[in-house]
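Here's model_2.txt, which has compact mmCIF, C-alpha atoms and all ligand atoms:
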```txt
# COMPACT_ATOMS: atom_id res chain seq x y z
CA MET A 1 173.93 -23.20 5.21
CA GLU A 2 173.85 -19.87 3.42
CA LYS A 3 170.58 -17.96 3.17
CA ARG A 4 170.07 -16.55 -0.33
CA GLU A 5 167.28 -14.74 -2.16
CA GLN A 6 163.62 -14.77 -1.14
CA LEU A 7 161.71 -17.23 -3.32
CA TYR A 8 158.20 -16.66 -2.05
CA GLU A 9 156.20 -14.67 0.47
CA GLY A 10 152.97 -16.12 1.79
CA LYS A 11 150.54 -14.73 4.35
CA ALA A 12 152.36 -16.18 7.36
CA LYS A 13 155.80 -17.24 6.10
CA ARG A 14 158.60 -16.33 3.73
CA VAL A 15 160.71 -18.87 1.89
CA TYR A 16 164.38 -18.31 1.03
CA ALA A 17 166.75 -20.20 -1.25
CA THR A 18 169.96 -21.69 0.15
CA ASP A 19 173.18 -22.82 -1.52
CA ASP A 20 171.65 -26.32 -1.73
CA PRO A 21 168.97 -26.55 -4.47
CA ASP A 22 167.06 -29.18 -2.47
CA LEU A 23 166.83 -27.12 0.73
CA VAL A 24 165.03 -23.87 1.56
CA ILE A 25 164.63 -21.77 4.69
CA VAL A 26 161.14 -20.91 5.96
CA SER A 27 160.83 -17.80 8.07
CA TYR A 28 157.69 -17.41 10.18
CA LYS A 29 156.06 -13.96 10.46
CA ASP A 30 153.89 -12.49 13.21
CA ASP A 31 151.39 -11.43 10.52
CA ALA A 32 147.93 -12.92 10.84
CA THR A 33 145.19 -12.95 8.24
CA ALA A 34 141.75 -14.46 8.08
CA PHE A 35 138.96 -14.77 5.52
CA ASP A 36 141.37 -15.08 2.57
CA GLY A 37 143.47 -12.16 3.67
CA LEU A 38 140.52 -9.76 4.15
CA LYS A 39 141.18 -9.41 7.87
CA LYS A 40 144.76 -8.48 8.75
CA GLY A 41 146.62 -8.14 12.03
CA THR A 42 149.68 -9.00 14.03
CA ILE A 43 149.99 -11.61 16.74
CA VAL A 44 153.15 -10.69 18.63
CA GLY A 45 155.41 -13.72 19.10
CA LYS A 46 153.33 -15.95 16.83
CA GLY A 47 156.13 -16.58 14.32
CA ALA A 48 158.47 -18.04 16.92
CA ILE A 49 155.72 -20.08 18.59
CA ASN A 50 154.45 -21.55 15.32
CA ASN A 51 157.98 -22.32 14.15
CA ARG A 52 158.98 -24.08 17.35
CA MET A 53 155.70 -25.95 17.84
CA THR A 54 155.65 -27.14 14.22
CA ASN A 55 159.19 -28.47 14.47
CA PHE A 56 158.53 -30.14 17.82
CA LEU A 57 155.51 -31.96 16.36
CA MET A 58 157.10 -32.75 12.98
CA LYS A 59 160.03 -34.46 14.71
CA LYS A 60 157.57 -36.70 16.57
CA LEU A 61 155.65 -37.40 13.38
CA GLU A 62 158.80 -38.27 11.49
CA ALA A 63 159.74 -40.71 14.27
CA SER A 64 156.30 -42.31 14.04
CA GLY A 65 156.60 -42.90 10.28
CA VAL A 66 155.08 -39.80 8.67
CA PRO A 67 157.71 -38.24 6.37
CA THR A 68 158.00 -34.45 6.71
CA HIS A 69 159.93 -31.62 5.09
CA PHE A 70 161.68 -30.79 8.40
CA VAL A 71 165.49 -30.72 8.38
CA GLU A 72 166.79 -28.42 11.12
CA GLU A 73 165.60 -25.52 13.29
CA LEU A 74 167.97 -22.62 12.65
CA ASN A 75 166.66 -20.11 15.19
CA ASP A 76 163.40 -19.04 16.85
CA ARG A 77 161.74 -18.09 13.58
CA GLU A 78 163.62 -19.94 10.88
CA THR A 79 163.82 -23.57 9.85
CA LEU A 80 165.69 -25.43 7.16
CA VAL A 81 163.32 -27.69 5.23
CA ARG A 82 163.40 -29.83 2.11
CA LYS A 83 162.29 -27.95 -0.96
CA VAL A 84 158.94 -29.25 -2.19
CA SER A 85 156.28 -28.27 -4.65
CA ILE A 86 153.17 -27.88 -2.56
CA VAL A 87 150.20 -30.05 -3.55
CA PRO A 88 147.55 -27.30 -3.82
CA LEU A 89 145.13 -29.00 -1.45
CA GLU A 90 144.28 -28.13 2.12
CA VAL A 91 143.72 -31.42 3.89
CA ILE A 92 141.32 -30.97 6.78
CA ILE A 93 140.72 -33.53 9.51
CA ARG A 94 137.89 -33.01 12.00
CA ASN A 95 137.19 -34.78 15.29
CA VAL A 96 134.55 -32.34 16.56
CA SER A 97 132.13 -30.08 14.66
CA ALA A 98 133.27 -26.46 14.36
CA GLY A 99 133.91 -23.64 11.91
CA SER A 100 132.89 -24.13 8.29
CA PHE A 101 131.59 -27.66 9.02
CA ALA A 102 129.10 -26.36 11.59
CA LYS A 103 128.09 -23.54 9.25
CA ARG A 104 127.81 -25.62 6.07
CA PHE A 105 125.73 -28.37 7.65
CA GLY A 106 123.75 -26.23 10.06
CA VAL A 107 124.89 -27.93 13.26
CA GLU A 108 126.24 -26.54 16.49
CA GLU A 109 129.94 -26.51 17.31
CA GLY A 110 131.29 -29.10 19.74
CA ILE A 111 129.64 -32.32 18.54
CA GLU A 112 132.17 -35.13 18.99
CA PHE A 113 132.28 -37.41 15.91
CA SER A 114 132.50 -41.18 16.40
CA GLU A 115 135.16 -41.22 13.66
CA PRO A 116 137.35 -38.44 12.29
CA THR A 117 136.42 -36.94 8.90
CA ILE A 118 138.64 -35.82 6.05
CA GLU A 119 138.01 -33.24 3.37
CA PHE A 120 140.04 -31.35 0.80
CA SER A 121 139.97 -27.71 -0.22
CA TYR A 122 141.52 -26.41 -3.42
CA LYS A 123 144.21 -23.96 -2.28
CA ASN A 124 143.22 -20.85 -4.21
CA ASP A 125 142.47 -17.59 -2.38
CA ASP A 126 140.80 -16.01 -5.45
CA LEU A 127 138.26 -18.84 -5.43
CA HIS A 128 138.12 -18.79 -1.59
CA ASP A 129 139.65 -22.27 -1.22
CA PRO A 130 136.57 -24.18 -2.40
CA MET A 131 135.90 -27.68 -1.09
CA ILE A 132 136.92 -30.23 -3.70
CA ASN A 133 136.47 -34.00 -3.91
CA ASP A 134 139.11 -36.56 -4.83
CA TYR A 135 137.77 -37.07 -8.38
CA HIS A 136 137.93 -33.32 -9.00
CA ALA A 137 141.48 -33.15 -7.63
CA VAL A 138 142.58 -35.94 -9.99
CA ALA A 139 140.69 -34.37 -12.94
CA LEU A 140 142.48 -31.07 -12.30
CA LYS A 141 145.79 -32.97 -12.01
CA LEU A 142 146.41 -31.55 -8.54
CA ALA A 143 147.43 -35.04 -7.40
CA THR A 144 147.27 -38.67 -8.54
CA TRP A 145 145.08 -41.33 -6.91
CA ASP A 146 148.18 -42.90 -5.34
CA GLU A 147 149.22 -39.54 -3.92
CA LEU A 148 145.72 -38.90 -2.54
CA ASP A 149 145.74 -42.36 -0.91
CA LEU A 150 149.07 -41.65 0.72
CA ILE A 151 148.04 -38.16 1.80
CA THR A 152 144.86 -39.57 3.35
CA ARG A 153 146.78 -42.24 5.27
CA TYR A 154 149.35 -39.74 6.50
CA ALA A 155 146.64 -37.25 7.53
CA PHE A 156 144.86 -39.82 9.74
CA ALA A 157 148.21 -40.89 11.19
CA VAL A 158 148.91 -37.24 12.04
CA ASN A 159 145.51 -37.09 13.72
CA ASP A 160 146.27 -40.14 15.89
CA LEU A 161 149.58 -38.72 17.09
CA LEU A 162 148.37 -35.15 17.49
CA LYS A 163 145.23 -36.18 19.37
CA ALA A 164 147.33 -38.15 21.85
CA GLU A 165 149.84 -35.30 22.27
CA MET A 166 147.05 -32.82 22.90
CA ARG A 167 145.10 -35.07 25.26
CA ALA A 168 148.27 -35.39 27.36
CA CYS A 169 148.36 -31.63 27.85
CA GLY A 170 144.65 -31.14 28.50
CA VAL A 171 143.72 -30.01 25.00
CA ARG A 172 140.89 -31.20 22.78
CA LEU A 173 142.03 -31.46 19.14
CA VAL A 174 138.91 -30.24 17.33
CA ASP A 175 140.22 -30.03 13.76
CA PHE A 176 143.28 -29.05 11.75
CA LYS A 177 144.58 -28.37 8.27
CA LEU A 178 147.63 -29.99 6.68
CA GLU A 179 149.53 -29.35 3.47
CA PHE A 180 151.72 -31.85 1.69
CA GLY A 181 154.54 -31.34 -0.78
CA LYS A 182 156.43 -33.32 -3.35
CA THR A 183 160.23 -33.44 -3.23
CA SER A 184 162.41 -33.31 -6.37
CA ASP A 185 162.53 -37.12 -6.29
CA GLY A 186 158.72 -37.36 -6.22
CA LYS A 187 158.24 -38.27 -2.57
CA ILE A 188 155.13 -36.96 -0.74
CA VAL A 189 156.02 -35.36 2.60
CA LEU A 190 154.12 -33.35 5.20
CA ALA A 191 154.94 -29.64 4.75
CA ASP A 192 153.70 -26.23 5.95
CA GLU A 193 152.97 -25.99 9.68
CA ILE A 194 151.07 -27.47 12.62
CA SER A 195 150.27 -24.63 14.99
CA PRO A 196 147.46 -22.64 16.59
CA ASP A 197 147.12 -20.97 13.15
CA THR A 198 146.17 -24.25 11.52
CA CYS A 199 144.47 -26.23 14.27
CA ARG A 200 141.52 -25.73 16.60
CA PHE A 201 142.58 -26.40 20.17
CA TRP A 202 140.02 -26.27 23.00
CA ASP A 203 140.81 -26.64 26.66
CA MET A 204 139.55 -30.06 27.71
CA GLU A 205 137.87 -28.82 30.90
CA THR A 206 136.45 -25.44 29.89
CA ASN A 207 136.35 -25.63 26.05
CA GLU A 208 138.18 -22.30 26.02
CA LYS A 209 139.58 -21.65 22.55
CA LEU A 210 143.39 -21.68 22.44
CA ASP A 211 143.94 -21.00 18.73
CA LYS A 212 143.54 -18.56 15.87
CA ASP A 213 139.75 -18.48 16.25
CA ARG A 214 140.47 -15.90 18.99
CA PHE A 215 141.81 -13.64 16.21
CA ARG A 216 139.25 -14.63 13.55
CA ARG A 217 136.34 -13.99 15.93
CA ASP A 218 137.80 -11.05 17.88
CA LEU A 219 137.69 -12.93 21.17
CA GLY A 220 140.69 -11.14 22.70
CA ASN A 221 143.72 -12.59 24.54
CA VAL A 222 145.09 -13.92 21.25
CA GLU A 223 148.76 -13.81 22.28
CA ASP A 224 147.97 -15.43 25.64
CA ALA A 225 146.33 -18.37 23.86
CA TYR A 226 149.37 -18.94 21.62
CA HIS A 227 151.71 -18.76 24.64
CA GLU A 228 149.48 -21.09 26.64
CA MET A 229 149.55 -23.68 23.83
CA MET A 230 153.32 -23.39 23.50
CA LYS A 231 153.71 -23.93 27.25
CA ARG A 232 151.36 -26.91 27.31
CA VAL A 233 152.80 -28.66 24.26
CA MET A 234 156.50 -27.98 24.78
CA GLY A 235 156.58 -27.60 28.54
CA ALA A 236 159.81 -26.13 29.83
CA GLU A 237 161.62 -26.44 26.47
P1 LIG A 301 137.23 -24.41 8.82
O1 LIG A 301 136.30 -24.98 9.84
O2 LIG A 301 137.19 -22.92 8.74
O3 LIG A 301 137.08 -25.08 7.48
O4 LIG A 301 138.72 -24.76 9.33
C1 LIG A 301 139.13 -26.09 9.55
C2 LIG A 301 140.54 -26.09 10.11
O5 LIG A 301 141.47 -25.61 9.17
C3 LIG A 301 140.72 -25.22 11.34
O6 LIG A 301 141.54 -25.93 12.27
C4 LIG A 301 141.46 -24.01 10.87
C5 LIG A 301 142.21 -24.51 9.68
N1 LIG A 301 142.30 -23.53 8.60
C6 LIG A 301 143.54 -23.17 8.11
O7 LIG A 301 144.58 -23.62 8.60
N2 LIG A 301 143.58 -22.27 7.08
C7 LIG A 301 142.49 -21.75 6.50
O8 LIG A 301 142.60 -20.95 5.58
C8 LIG A 301 141.21 -22.14 7.01
C9 LIG A 301 139.96 -21.58 6.43
C10 LIG A 301 141.17 -23.03 8.06
```

Hey, can you dump this file as structure tokens for me?
Ligand code: TMP
Amino acid sequence: MEKREQLYEGKAKRVYATDDPDLVIVSYKDDATAFDGLKKGTIVGKGAINNRMTNFLMKKLEASGVPTHFVEELNDRETLVRKVSIVPLEVIIRNVSAGSFAKRFGVEEGIEFSEPTIEFSYKNDDLHDPMINDYHAVALKLATWDELDLITRYAFAVNDLLKAEMRACGVRLVDFKLEFGKTSDGKIVLADEISPDTCRFWDMETNEKLDKDRFRRDLGNVEDAYHEMMKRVMGAE
């Protein structure tokens, strides 16, 4: 597979064309941003960890019936994926109160919900990714009702698998963000990444944060947290 011109550069990844119009290469960076790019930094080794953890989890998801964009890991930082147009929605599942949920509703972090919640944000940094409901998303033609139904079902299925994976390695899956894409033949697949950048992971015993909140909140030991998660999830791999 030949790597061709860069198609896109995001905050954490670059996307390159290949000689196959239906396949692209994603390349994970060590760059970290928060608060819509206002806060910038580097998390050494993050690109490789996020790439490898995402692929590890996407393979399991694919096997459990959630279609993904994953095709083949090329090296530590780069992965061949199906080319999709990203549905401009951030799909957020929460099992425990934290972050913007705690802030918006004036509750403390760490309250375990009896059922997971789902919400959507409109992916638009200029507007600060505002929360959006399903009617608004359909009105803005960001997705159809059928696509939103499918996305919702997939997102809860991801939660079931991810929660079990994390429980097995002593991690509490607090919340996470997913993005979905549409292939050239109109199929909805899970895209983007599943990593400490996009999930909140708390140690089950101590509630120590093992994710990007260490960077967002200047808690220190950011790299250690990413390495710890990699070790727990992927073991000796
Ligand atoms: P929030 O509590 O800040 O809304 O974040 C919910 C989850 O989404 C959390 O696991 C972190 C993740 N997230 C992203 O992946 N990208 C983002 O831009 C934001 C704000 C959150």

(message) Hey, which residues sit close to ligand LIG 301 (chain A)? Say within 9 Å, counting only C-alpha atoms and all ligand atoms, and write them as an NGL selection string.
(response) :A and (33-36 or 90-94 or 97-103 or 121 or 123 or 125 or 128-129 or 173-178 or 193-201 or 211-213)

(request) In Å, rounded to a single decimal, give me how far atom CA of Asp146 of chain A is from atom CA of Ile188 of chain A. (result) 10.2 Å

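Distances from A:Leu210, A:Val24, A:Glu72, A:Asn124 to Arg232 of chain A were compared using only C-alpha atoms, and the smallest one belongs to A:Leu210.
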
(request) For Leu57 of chain A, work out the shell of residues within 10 Å, counting all atoms listed in the file and skipping chain neighbours fewer than 6 positions away, then give it as a PyMOL selection string. (result) chain A and resi 63+158+161-162+165+193-195+233-234

For the residues in that selection, give me C-alpha atoms as a PDB file, in the frame of the given file.
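Saved as again_17.pdb:
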```pdb
ATOM      1  CA  ALA A  63     159.740 -40.710  14.270  1.00  0.00           C
ATOM      2  CA  VAL A 158     148.910 -37.240  12.040  1.00  0.00           C
ATOM      3  CA  LEU A 161     149.580 -38.720  17.090  1.00  0.00           C
ATOM      4  CA  LEU A 162     148.370 -35.150  17.490  1.00  0.00           C
ATOM      5  CA  GLU A 165     149.840 -35.300  22.270  1.00  0.00           C
ATOM      6  CA  GLU A 193     152.970 -25.990   9.680  1.00  0.00           C
ATOM      7  CA  ILE A 194     151.070 -27.470  12.620  1.00  0.00           C
ATOM      8  CA  SER A 195     150.270 -24.630  14.990  1.00  0.00           C
ATOM      9  CA  VAL A 233     152.800 -28.660  24.260  1.00  0.00           C
ATOM     10  CA  MET A 234     156.500 -27.980  24.780  1.00  0.00           C
TER      11      MET A 234
END
```

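Among the candidate residues A:Lys46, A:His136, A:Lys209, A:Arg52, the one lying nearest to Tyr226 of chain A is A:Lys46, with distances computed using only C-alpha atoms.
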
(message) If I take atom CA of Arg172 of chain A and atom CA of Pro130 of chain A, how far is one from the other in Å, to one decimal?
(response) 26.5 Å

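Here atom CA of Leu89 of chain A and atom CA of Tyr122 of chain A stand 4.9 Å from one another.
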
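The shortest atom-to-atom distance to Arg214 of chain A, with all atoms listed in the file taken into account, belongs to A:Ile43 out of A:Ile43, A:Met53, A:Ile25, A:Ala12.
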
(request) Could you tell me which of A:His227, A:His69, A:Lys11, A:Lys163 comes closest to Phe180 of chain A if we count only C-alpha atoms? (result) A:His69

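Nearest to Asp192 of chain A of all the residues A:Ser64, A:Thr42, A:Gln6, A:Asn51 is A:Asn51, based on only C-alpha atoms.
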
Which residues, written as a PDB file with C-alpha atoms, keeping the file's coordinate frame, have at least one atom at most 12 Å from Glu62 of chain A, with all atoms listed in the file counted and residues fewer than 6 positions away on the same chain left out?
```pdb
ATOM      1  CA  THR A  54     155.650 -27.140  14.220  1.00  0.00           C
ATOM      2  CA  ASN A  55     159.190 -28.470  14.470  1.00  0.00           C
ATOM      3  CA  PHE A  56     158.530 -30.140  17.820  1.00  0.00           C
ATOM      4  CA  THR A  68     158.000 -34.450   6.710  1.00  0.00           C
ATOM      5  CA  HIS A  69     159.930 -31.620   5.090  1.00  0.00           C
ATOM      6  CA  PHE A  70     161.680 -30.790   8.400  1.00  0.00           C
ATOM      7  CA  VAL A  71     165.490 -30.720   8.380  1.00  0.00           C
ATOM      8  CA  TYR A 154     149.350 -39.740   6.500  1.00  0.00           C
ATOM      9  CA  ALA A 157     148.210 -40.890  11.190  1.00  0.00           C
ATOM     10  CA  VAL A 158     148.910 -37.240  12.040  1.00  0.00           C
ATOM     11  CA  LEU A 161     149.580 -38.720  17.090  1.00  0.00           C
ATOM     12  CA  VAL A 189     156.020 -35.360   2.600  1.00  0.00           C
ATOM     13  CA  LEU A 190     154.120 -33.350   5.200  1.00  0.00           C
ATOM     14  CA  ALA A 191     154.940 -29.640   4.750  1.00  0.00           C
TER      15      ALA A 191
END
```

(message) From (164.3, -27.5, -4.2), in the file's coordinates, out to 8 Å: which residues are reached, counting all atoms listed in the file? Answer as a VMD selection string.
(response) chain A and resid 20 to 24 82 to 84 183 to 184
